[in-house]
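Q: Pasting a structure below so you can have a look.
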Amino acid sequence: MTVTPNGFDLDNSGRRIVVDPVTRIEGHMRCEVNVDDEGVIRNAVSTGTMWRGLEVILKGRDPRDAWAFTERICGVCTGTHALTSVRAVEDALGITIPENANSIRNIMQLNLQIHDHIVHFYHLHALDWVNPVNALRADPKATSELQQTVGPNHPLSSPGYFRDVQNRLKKFVESGQLGLFKNGYWDNPAYLLPPEADLMATTHYLEALDLQKEIVKVHTIFGGKNPHPNWLVGGVPCPINMDGVGSVGAINMERLNMVSSIIDKCIEFNRNVYLPDVVAIGGFYKNWLYGGGLSGQAVLAYGDIPENPNDFSAEQLHLPRGAIINGNLEEVHDVDQRDPEQIQEFVDHSWYTYGEPGKGLHPWDGVTDPQYELGPNAKGTRTDIKELDEAAKYSWIKAPRWNGHAMEVGPLARYVVGYAKGHEDIKSQVEGLLRTMDLPVSALFSTLGRTAARALESEYCGRLQKHFFDKLVQTIKNGDSTTANIEKWDPSTWPKEAKGVGATEAPRGALGHWIKIKDGRIENYQCVVPTTWNGSPRDTAGNIGAFEASLMNTPMERPEEPVEILRTLHSFDPCLACSTHVMAPDGAEMARVKVR
Amino acid sequence: MTASVLVLGIGNLLWADEGFGVRCVERLAECWSFPENVSLLDGGTQGLYLLPFLEAADRLIVFDAVDYGLTPGTLKIVEDDEVPAFMGAKKMSLHQTGFQDVIATAQLMRYCPEELLLIGCQPEELEDYGGGLRESVAAQIEPALDVAMERLRIWGITPTPGRDPRSTLADASIRRTAYEAGRPSEASACRTGDARFFPENT
């Protein structure tokens with residue numbers, strides 16, 4: 001038994017269970033746990049099975065192009081990477097952006113948050129709580145009654161509607177196309193919903209699919225195309241031409257009306273469907289408050305959505321910035337991404353080397369030099385690992401730390417920081433939810449809390465999106481249709497050497513890009529992505545990372561069916577596509593579970 | 001009513017031959033203009049983002065790098081019901097899990113295109129982050145386009161030579177020529193990648 005500096009008792013003597021890969025649609029991560037005789041997790045090991053290093057692609061390229069490359073590294077949060085990248089370059093070169101660009105960027109970023117949160121909940125995470133097979137046994141009339149109780153303002157609630165959906169599901173399942181719903185552990189006792197709640201939630205799974213198609217149109221309108229919309233250092237690439245009728249790419253009244261209608265749809269869905277679903281489903285899992293991990297003791301948020309252009313001071317950000325350590329919610333520390341002492345990455349347990357042990361590097365000075373070696377207690381071979389040795393190097397993810405602390409990032413981290421700071425909107429949302437569900441504040445620090453924070457944030461982002469839309473329209477009405485500042489577009493206006501940092505809140509947490517520019521070209525480029533924080537391995541001191549901490553002490557109904565592990569890890573919305581790169585040469589199944 | 005056609009390229013262009021699909025669409029858009037009912041799309045690594053495009057299409061042509069265990073650079077053409085299974089033949093990267101799910105989802109939502117044509121190419125190298133297409137795979141772009149053009153002709157579509165002004169190509173900096181020419185040298189940026197794919201070298 002070992003006690004980690006961040007307070008967890010680790011015991012790796014029990015049965016070892018390997019879950020690989022963990023994510024349902026995107027990303028490759030693997031997790032190994034030891035369970036005791038009671039089936040309770042007593043040791044957790046999270047590893048990124050992929051390698052990345054954007055610096056190996058960007059070195060020597062034009063900094064103004066970096067966004068287009070970073071947009072390709074992830075299959076999900078493309079726009080957020082692009083935004084972070086242009087911010088880093090603007091910071092390095094002292095480029096300011098106009099008011100309209102700030103509003104449009106915020107609308108796009110908020111739009112992505114909402115899209116990601118909804119898709120995450122319904123299409124990547126709901127099936128950890130909801131059993132679509134059980135939905136086939138539901139009584140459509142009782143489902144309709146449930147819907148009218150839970151979300152009275154949602155128009156789609158008739159018994160006939162639920163009967164139709166149920167028939168459609170039946171046909172889909174009977175045709176052998178279980179497709180999306182295969183690989184589930186549908187008879188596991190960890191599923192607690194009655195069939196009617198399962199049918200309601202599965203129905204919303206389908207409704208959310210239709211809605212998400214609409215949401216992303218905002219990116220096409222402002223970004224010129226989607227997927228992979230266009231971005232611009234110094235502003236946004238779309239001109240505003242209110243008199244124009246359908247001219248290519250320009251923003252006109254017709255397009256703005258479309259954006260406005262999409263924003264309203266998001267707000268309605270969040271209020272009438274998403275939040276009520278989380279409350280209803282959460283109500284059945286109120287006693288399953290595992291998975292808190294670091295959320296009650298060490299959380300980090302960079303903050304985002306500046307009210308005014310070029311002002312990133314903490315009080316001007318709608319999504320809060322701050323760090324909480326040692327579980328002290330009374331004190332929220334400010335975060336400075338430039339301070340070489342605050343953010344450092346360690347590699348003692350990662351497959352990289354800095355040449356000497358125990359060293360931490362600030363991202364501006366980051367080095368990505370691979371060193372792949374398994375520890376003496378690892379089982380299997382170099383190309384087919386059966387069991388990792390967590391005492392040695394065991395992950396392609398580095399271990400970022402804030403002042404030496406392992407931190408959780410993401411919607412729950414943002415909401416804990418906001419709550420602790422007394423952020424008005426966040427505090428009232430959180431208190432309202434806890435009241436409705438009759439739960440204490442401590443319930444927030446759980447898997448359920450993480451899932452609920454995401455829903456609350458989606459609702460809040462919907463309102464913010466409207467705020468910036470109104471602001472955009474007002475500025476245009478006042479006669480200002482500027483969308484870009486190209487004063488420093490020409491590299492001859494740049495200093496010989498410069499460095500900058502771009503920070504955003506990606507849907508899954510704090511995202512930073514650090515850039516060094518020399519003679520007009522990229523000299524170094526390092527990304528520290530949210531899943532690097534959450535999925536980090538142990539550090540030199542032995543602190544475990546957020547994923548690892550979140551699994552500790554969770555009892556499993558059937559250890560060979562890791563519903564509980566998936567539920568908790570999915571609640572982070574992990575996405576390793578950008579933090580790392582692929583291993584599984586045959587990685588076909590969603591979760592290959594090995595019990596040893 | 002004229003059937004609408006989507007010509008889609010998918011894959012992550014940052015991973016060497018995985019960029020095959022995206023590069024095919026890029027080339028097609030550079031050389032040909034199409035009538036209104038045909039859309040060209042660089043789908044990149046996107047999953048569910050592609051649903052609205054599938055919904056709008058009656059017929060779909062997909063270019064992708066697919067690992068069938070064949071000789072590198074071999075084209076493999078698969079149609080209709082066989083497409084989803086083939087895309088999952090040997091899942092080598094994230095986007096394929098994504099696209100298989102996109103097709104399954106489109107089927108569930110009852111708006112999957114009626115006709116599907118997958119033009120797949122066996123990759124030679126995937127484990128080269130930041131790399132471009134290998135010669136064997138690059139050489140298959142034109143033959144793959146021929147297959148697509150032939151199918152478009154069967155569908156009654158007559159393209160005209162010259163770049164299509166409607167096409168939304170990727171940013172110039174990551175189109176094939178700029179992307180491959182601008183790659184940092186091996187000396188200045190390590191390329192080893194995931195050592196588990198090169199155990200004999202380490």
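Here, A, B, ... name the chains of the structure tokens in the order displayed, residue numbers run from 1 inside each chain, and ligands are numbered from 1 in the same displayed order.
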Can you pull out every residue from segment 111-189 of chain A that DSSP, working from the backbone, puts in helix (DSSP H, G or I), and format the result as an MDAnalysis selection string?
A: chainID A and resid 111:128 134:137 140:150 159:174 179:181
Q: Near Cys238 of chain A, counting only C-alpha atoms, which residues have an atom at most 8 Å away, once you skip same-chain residues fewer than 6 positions from it, shown as a PyMOL selection string?
A: chain A and resi 222-224+249-251+483
Q: Just write the chosen residues, C-alpha atoms, as a PDB file, in the first residue's frame.
A:
ATOM      1  CA  PHE A 222     -18.827  32.489 -39.835  1.00  0.00           C
ATOM      2  CA  GLY A 223     -16.038  30.142 -40.857  1.00  0.00           C
ATOM      3  CA  GLY A 224     -16.921  29.930 -44.544  1.00  0.00           C
ATOM      4  CA  GLY A 249     -18.913  34.213 -47.728  1.00  0.00           C
ATOM      5  CA  ALA A 250     -20.087  37.623 -46.520  1.00  0.00           C
ATOM      6  CA  ILE A 251     -22.268  38.001 -43.461  1.00  0.00           C
ATOM      7  CA  THR A 483     -13.812  42.118 -38.711  1.00  0.00           C
TER       8      THR A 483
END
Q: Which distance in Å separates atom CA of Ala126 of chain A and atom CA of Thr80 of chain A, to one decimal?
A: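 Between atom CA of Ala126 of chain A and atom CA of Thr80 of chain A the gap is 23.8 Å.
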Q: Give me the residues near segment 288-298 of chain A as a VMD selection string, where near means some atom within 6 Å (using only C-alpha atoms) and where sequence neighbours in that chain fewer than 6 positions away do not count.
A: chain A and resid 324 to 327 407 to 408 445 to 447 546 549 to 551 568
Q: So how far away is atom CA of Lys466 of chain A from atom CA of Ile262 of chain A, in Å?
A: 10.1 Å
